[in-house]
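Worksheet: the structure to be examined is printed underneath.
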Amino acid sequence: MISLDSLTVSYGGWTLFDNISFLINPKDRIGLVGKNGAGKTTLLRLIIGEQQPTSGAVTKNADCTVGYLPQQMKVADTTTLVQETAKAFDEVLRLEAEIERLTLEIGERTDYESEAYAELLHRLNDANDRYHILGGETRDADIEKTLLGLGFRREDFGRATSEFSGGWRMRIELAKLLLRRPSIFLLDEPTNHLDIESIQWLEEYLKNYNGAVLVISHDRAFLDNVTNRTVELSLGKIYDYKVPYSKYVVLRAERREQQMAAYENQQRLIEKTEEFIEKFRYKPTKSNQVQSRIKQLEKLDRIEVDEEDLATLNIKFPPAPRSGQVVAELKELGMSFGRKHVFSGAEFTISKGDKIALVGRNGEGKTTLARLLIGHLTPTEGSIRLGANVNIGYYAQNQEDLMNGEITVYDTLDKVAVGDIRTRLRDILGAFLFRGEDIEKKVKVLSGGERSRLALASLMLEPHNLLVLDEPTNHMDMRSKDILKSALLKYDGTVVVVSHDREFLDGMVDKVYEFRDGGVKEYLGGIYYFLEKRKLESLQEVERKATPVAAAAAPKEASSGKLSYEQKKEQEKLVRKLRKAVEAVESELAGVEQQIAQWDEKLAAATEYIEADYAAYNALKARYDKLMHEWEKTSYELELTEEQ
């Protein structure tokens, strides 16, 4: 469908792509991965023709249509939500007009046997076929289904597009793109402006889509759920794996190990051969063997090890200063902006050491609560009280608006740093991958990922005991997200994080607060526990909204609060699934415990230090800790589900 042939892209003396090639086939589900700056967005621009390669070519089939969603785009401000979304059906509207005109003309003619009449019938038939393929008959229903799936409400349909924030405008463009049904979707970070529910809806849509998908995303769960092929860009080269992201990570590590082993074996062979040549070069009796070895080396196909991009963040939050046990206390907290009511009735306590996630649809109040916590907003209902000695570090979602684009990277930190820390600014920037000339770049030329790193670096300038992080992983590559997650797990302070990234939140947070329909609900568990509970609650909500006839047929069941037959079946299915998961983890734990016991005996009797043995032992203990966390989480979910 699309062929990329020997693409090279160079800027001056620097090469971004070096002679890369691959094919995109119909129905492919490709995740395009690589570090920030590896050239992922550039590759999409090459495919759509927005940018030209230095050499090589991009070839598309004649009937191939491309739908491209960039990270940033403008939406027209002259129409309503539904009118703007309906622009996706421009071709359908043209076909409707043509079908009407052709039908009218055919009805007026009487030359039924003529070639002109047959031609009109042929054109009408073609127009009708194309109209059906593009979903002309169901377009109003498709518009409604797509907008609701992406998180809009029916009452939003008549609102002017100018009233929506940047994130919601991106959703409008995504809706138009989905409704156009191109041969291939090129999606650049589509989940950045979506909440968890909308991400799950988009996953289902893309999995069932009849065309191809090429997506750039730093959301591991999204890639695993949508893609079946992973194309990695690294240091100008391309690596193609016919598996989803998580399997690609394993295969990539295995390929690297095999490559290194083959390279090391060949290097030993070369070294021994060169030693033989050097030793017997001047001995006449060995001249034939020496010449044979020289020819052997000349013919040898030298193994090259792929250069590995090992640049990583080095995040370690300063130790949290001592604070009171109660970090923040919210009582009947609510917020409105004029006539716009955001949420009310938030009543909970944030305790020292809590790791909390704020989730929910966009516009429901997650960022508002974050700003209430840091004192940027004053509540219109209830109260919020911070505990003793609470020092807050804040990462804002809208970094572009808050940073001065005209000053340099170094000056951005220098303006807020005080005391001895100013002597270490270059070291801090180096830990966040700003090295050499990078620190003299103006903020306005930085990529989204670089701005995220600079904002995180500013949090290191002062010790905090409460971190409030609003979408910290947007624009971050996979490796950087993992490093940030690890740093937050080791951080001994309190964390409140707004995020839609399920993998990032999994194992890190122990409480979830959902903002929904003007209220706030607490879930005492991790993010996947919350998602399972929401599925069950959604099912109960559907049952509550059953038709009046169905409701009248079972008044006792409704009034008693008992689960319906379908709900019981769903709950029993979930209980069986969780029991099976608990048993599987327990079985694996028993095996790991046995292996650790064997290692304990072996190491106790050891008479010398063997680094590989201790590395294997520590890896086994790390696996045990991970399994214990998984067992605790799954057991807790099972216990809560059985109690319902």
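In the structure tokens, the first chain shown is A, the next is B, and so on; residue numbers restart at 1 for each chain, and ligands run from 1 in the order shown.
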*Run DSSP on the backbone and grab whatever in region 377-494 of chain A lands in alpha helix (DSSP H); send it over as a VMD selection string.*
chain A and resid 399 to 402 409 to 414 425 to 431 448 to 459 478 to 490
*asked:* Can you pull out the residues contacting region 173-175 of chain A? Cut-off 7 Å, using only C-alpha atoms, and skip same-chain residues under 5 positions away; I want them as a ChimeraX atom specification.
replied: /A:69,85,146-147
*Quick one: pull the distance between CA of His132 (chain A) and CA of Leu206 (chain A), Å, one decimal.*
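Separating CA of His132 (chain A) from CA of Leu206 (chain A) is a distance of 20.8 Å.
Note that the spacing between CA of Gly419 (chain A) and CA of Val495 (chain A) amounts to 25.7 Å.
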_Report as number ranges by chain all protein, DNA and RNA residues lying within 7 Å of Ala457 (chain A), evaluated on only C-alpha atoms, omitting residues in the same chain fewer than 2 positions from it._
A: 428-429, 432, 453-455, 459-460
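For region 264-269 of chain A, the list of residues within 12 Å, based on only C-alpha atoms and with local chain neighbours fewer than 6 positions off taken out, reads Glu257, Gln258, Glu275, Phe276, Arg293, Gln296, Leu297, Leu300, Asp301, Arg302, Ile303, Glu304 and Val305 of chain A.
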Mind dumping the selected residues with C-alpha atoms as a PDB file, in the first residue's frame?
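Wrote it out as selection_27.pdb, contents follow:
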```pdb
ATOM      1  CA  GLU A 257      22.393 -10.403  23.339  1.00  0.00           C
ATOM      2  CA  GLN A 258      22.737 -12.732  20.326  1.00  0.00           C
ATOM      3  CA  GLU A 275      48.305 -13.763  16.593  1.00  0.00           C
ATOM      4  CA  PHE A 276      49.060 -16.822  14.385  1.00  0.00           C
ATOM      5  CA  ARG A 293      44.812 -17.273   7.368  1.00  0.00           C
ATOM      6  CA  GLN A 296      40.468 -16.147   5.611  1.00  0.00           C
ATOM      7  CA  LEU A 297      40.485 -12.746   7.388  1.00  0.00           C
ATOM      8  CA  LEU A 300      35.443 -12.784   6.705  1.00  0.00           C
ATOM      9  CA  ASP A 301      32.047 -11.067   6.828  1.00  0.00           C
ATOM     10  CA  ARG A 302      32.597  -8.799   9.815  1.00  0.00           C
ATOM     11  CA  ILE A 303      29.752  -8.661  12.342  1.00  0.00           C
ATOM     12  CA  GLU A 304      28.771  -5.137  13.309  1.00  0.00           C
ATOM     13  CA  VAL A 305      26.970  -4.499  16.577  1.00  0.00           C
TER      14      VAL A 305
END
```
_Near-Gln595 (chain A) list (10 Å; only C-alpha atoms; drop same-chain fewer than 4 positions) as a list in words_ = Leu589, Ala590, Gly591, Trp599, Asp600, Tyr617, Leu620 and Lys621 of chain A
*Write out as a list of chain:residue names all residues of region 128-231 of chain A that backbone DSSP assigns to strand (DSSP E or B).*
A:Ala160, A:Ile184, A:Phe185, A:Leu186, A:Leu187, A:Asp188, A:Ala212, A:Val213, A:Leu214, A:Val215, A:Ile216, A:Arg229, A:Thr230, A:Val231
Selection export as a short mmCIF file (atom, residue, chain, number, x, y, z; two decimals), in the first residue's frame, atoms kept: all heavy atoms:
```cif
data_model
loop_
_atom_site.label_atom_id
_atom_site.label_comp_id
_atom_site.auth_asym_id
_atom_site.auth_seq_id
_atom_site.Cartn_x
_atom_site.Cartn_y
_atom_site.Cartn_z
N ALA A 160 -20.32 26.26 20.07
CA ALA A 160 -19.33 26.75 19.10
C ALA A 160 -17.98 26.12 19.39
O ALA A 160 -17.60 25.93 20.56
CB ALA A 160 -19.23 28.27 19.19
N ILE A 184 -5.38 4.54 5.53
CA ILE A 184 -4.42 4.42 6.64
C ILE A 184 -4.52 5.64 7.55
O ILE A 184 -4.66 6.77 7.09
CB ILE A 184 -2.96 4.26 6.13
CG1 ILE A 184 -1.99 4.17 7.32
CG2 ILE A 184 -2.57 5.37 5.16
CD1 ILE A 184 -0.58 3.78 6.94
N PHE A 185 -4.49 5.38 8.86
CA PHE A 185 -4.40 6.45 9.86
C PHE A 185 -2.93 6.66 10.22
O PHE A 185 -2.23 5.69 10.54
CB PHE A 185 -5.15 6.07 11.14
CG PHE A 185 -6.64 6.14 11.05
CD1 PHE A 185 -7.42 5.04 11.34
CD2 PHE A 185 -7.27 7.33 10.71
CE1 PHE A 185 -8.80 5.11 11.28
CE2 PHE A 185 -8.65 7.40 10.64
CZ PHE A 185 -9.41 6.29 10.92
N LEU A 186 -2.47 7.89 10.19
CA LEU A 186 -1.16 8.26 10.74
C LEU A 186 -1.45 9.13 11.97
O LEU A 186 -1.90 10.27 11.84
CB LEU A 186 -0.33 9.05 9.72
CG LEU A 186 -0.08 8.40 8.37
CD1 LEU A 186 0.78 9.31 7.50
CD2 LEU A 186 0.60 7.04 8.53
N LEU A 187 -1.24 8.58 13.15
CA LEU A 187 -1.63 9.26 14.39
C LEU A 187 -0.39 9.57 15.23
O LEU A 187 0.35 8.67 15.63
CB LEU A 187 -2.58 8.36 15.20
CG LEU A 187 -3.82 7.85 14.45
CD1 LEU A 187 -4.62 6.90 15.34
CD2 LEU A 187 -4.69 9.00 13.98
N ASP A 188 -0.17 10.86 15.48
CA ASP A 188 1.00 11.30 16.25
C ASP A 188 0.56 11.66 17.67
O ASP A 188 -0.05 12.69 17.91
CB ASP A 188 1.63 12.52 15.57
CG ASP A 188 3.03 12.82 16.09
OD1 ASP A 188 3.43 12.23 17.12
OD2 ASP A 188 3.73 13.65 15.48
N ALA A 212 -5.41 0.44 7.59
CA ALA A 212 -4.13 0.30 8.30
C ALA A 212 -3.97 1.44 9.32
O ALA A 212 -4.62 2.48 9.21
CB ALA A 212 -2.97 0.34 7.31
N VAL A 213 -3.11 1.21 10.31
CA VAL A 213 -2.86 2.21 11.35
C VAL A 213 -1.35 2.29 11.59
O VAL A 213 -0.69 1.26 11.78
CB VAL A 213 -3.56 1.85 12.68
CG1 VAL A 213 -3.21 2.86 13.77
CG2 VAL A 213 -5.07 1.75 12.51
N LEU A 214 -0.81 3.51 11.55
CA LEU A 214 0.58 3.75 11.95
C LEU A 214 0.53 4.81 13.04
O LEU A 214 0.12 5.94 12.80
CB LEU A 214 1.41 4.24 10.75
CG LEU A 214 2.87 4.64 11.04
CD1 LEU A 214 3.67 3.47 11.59
CD2 LEU A 214 3.55 5.17 9.78
N VAL A 215 0.90 4.43 14.26
CA VAL A 215 0.70 5.32 15.40
C VAL A 215 2.00 5.55 16.16
O VAL A 215 2.77 4.62 16.39
CB VAL A 215 -0.40 4.76 16.34
CG1 VAL A 215 -0.04 3.38 16.86
CG2 VAL A 215 -0.68 5.69 17.51
N ILE A 216 2.25 6.82 16.50
CA ILE A 216 3.33 7.18 17.42
C ILE A 216 2.68 7.35 18.78
O ILE A 216 1.72 8.12 18.93
CB ILE A 216 4.00 8.50 17.01
CG1 ILE A 216 4.67 8.38 15.64
CG2 ILE A 216 5.04 8.93 18.06
CD1 ILE A 216 5.15 9.72 15.09
N ARG A 229 2.60 -4.88 15.25
CA ARG A 229 3.91 -4.73 14.61
C ARG A 229 4.57 -3.49 15.19
O ARG A 229 3.89 -2.49 15.43
CB ARG A 229 3.73 -4.60 13.10
CG ARG A 229 5.00 -4.43 12.29
CD ARG A 229 4.65 -4.33 10.80
NE ARG A 229 5.76 -3.90 9.99
CZ ARG A 229 5.67 -3.45 8.74
NH1 ARG A 229 4.47 -3.40 8.16
NH2 ARG A 229 6.73 -3.06 8.07
N THR A 230 5.87 -3.56 15.46
CA THR A 230 6.58 -2.43 16.06
C THR A 230 7.77 -2.08 15.19
O THR A 230 8.61 -2.94 14.89
CB THR A 230 7.06 -2.77 17.48
OG1 THR A 230 5.93 -3.16 18.27
CG2 THR A 230 7.73 -1.58 18.13
N VAL A 231 7.84 -0.82 14.76
CA VAL A 231 8.97 -0.33 13.96
C VAL A 231 9.73 0.66 14.84
O VAL A 231 9.17 1.67 15.28
CB VAL A 231 8.48 0.34 12.67
CG1 VAL A 231 9.65 1.00 11.94
CG2 VAL A 231 7.82 -0.69 11.75
#
```
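The shortest atom-to-atom distance to Val66 (chain A), with only C-alpha atoms taken into account, belongs to A:Leu178 out of A:His341, A:Leu178, A:Asp501, A:Ile143.
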*Residue contacts of Thr8 (chain A) (10 Å, only C-alpha atoms) excluding same-chain residues fewer than 2 positions away, as a list in words*: Asp5, Ser6, Ser10, Thr15, Leu16, Phe17, Asp18, Asn19, Ile20, Ser21, Gln52, Pro53, Thr54, Ser55, Gly56, Ala57, Gly236 and Lys237 of chain A
Prev. selection, C-alpha atoms, output as a PDB file, in the first residue's frame:
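Written file, part_31.pdb:
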```
ATOM      1  CA  ASP A   5      12.470   3.025  -0.314  1.00  0.00           C
ATOM      2  CA  SER A   6      16.030   3.899   0.781  1.00  0.00           C
ATOM      3  CA  SER A  10      20.285  14.869   6.307  1.00  0.00           C
ATOM      4  CA  THR A  15      21.975  12.400   9.273  1.00  0.00           C
ATOM      5  CA  LEU A  16      18.557  11.722  10.791  1.00  0.00           C
ATOM      6  CA  PHE A  17      17.672   8.697   8.573  1.00  0.00           C
ATOM      7  CA  ASP A  18      20.302   6.588   6.853  1.00  0.00           C
ATOM      8  CA  ASN A  19      18.931   4.620   3.871  1.00  0.00           C
ATOM      9  CA  ILE A  20      15.847   3.185   5.616  1.00  0.00           C
ATOM     10  CA  SER A  21      13.158   1.089   3.896  1.00  0.00           C
ATOM     11  CA  GLN A  52      10.915  15.655   1.151  1.00  0.00           C
ATOM     12  CA  PRO A  53      13.790  13.203   1.799  1.00  0.00           C
ATOM     13  CA  THR A  54      17.387  14.035   0.889  1.00  0.00           C
ATOM     14  CA  SER A  55      17.307  10.832  -1.177  1.00  0.00           C
ATOM     15  CA  GLY A  56      14.986   7.877  -1.644  1.00  0.00           C
ATOM     16  CA  ALA A  57      11.230   7.873  -2.277  1.00  0.00           C
ATOM     17  CA  GLY A 236      19.261   6.716  11.900  1.00  0.00           C
ATOM     18  CA  LYS A 237      18.413   3.026  11.423  1.00  0.00           C
TER      19      LYS A 237
END
```
*Expressed in Å to a single decimal, how great is the separation between CA of Ile106 (chain A) and CA of Asp90 (chain A)?*
24.5 Å
*Find the residues near Arg426 (chain A): any atom within 10 Å, counting only C-alpha atoms, skip ones fewer than 2 places away on the same chain, and give them as a list in words.*
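My list of contacting residues is Tyr410, Leu413, Arg422, Thr423, Arg424, Ile428, Leu429, Gly430, Ala431, Phe432, Phe434, Arg435, Gly436 and Ile439 of chain A.
Nearest to Glu50 (chain A) of all the residues A:Tyr68, A:Phe343, A:Tyr117, A:Phe164 is A:Tyr68, based on only C-alpha atoms.
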*Of the candidates A:Ser114, A:Thr138, A:Glu471, A:Gln83, which shows the shortest atom-to-atom distance to Phe157 (chain A), using only C-alpha atoms?*
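Using only C-alpha atoms, the shortest distance to Phe157 (chain A) belongs to A:Gln83.
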*May I ask which of the residues A:Ile238, A:Leu194, A:Leu488, A:Leu505 is the closest one to Leu43 (chain A), counting only C-alpha atoms?*
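Using only C-alpha atoms, the shortest distance to Leu43 (chain A) belongs to A:Ile238.
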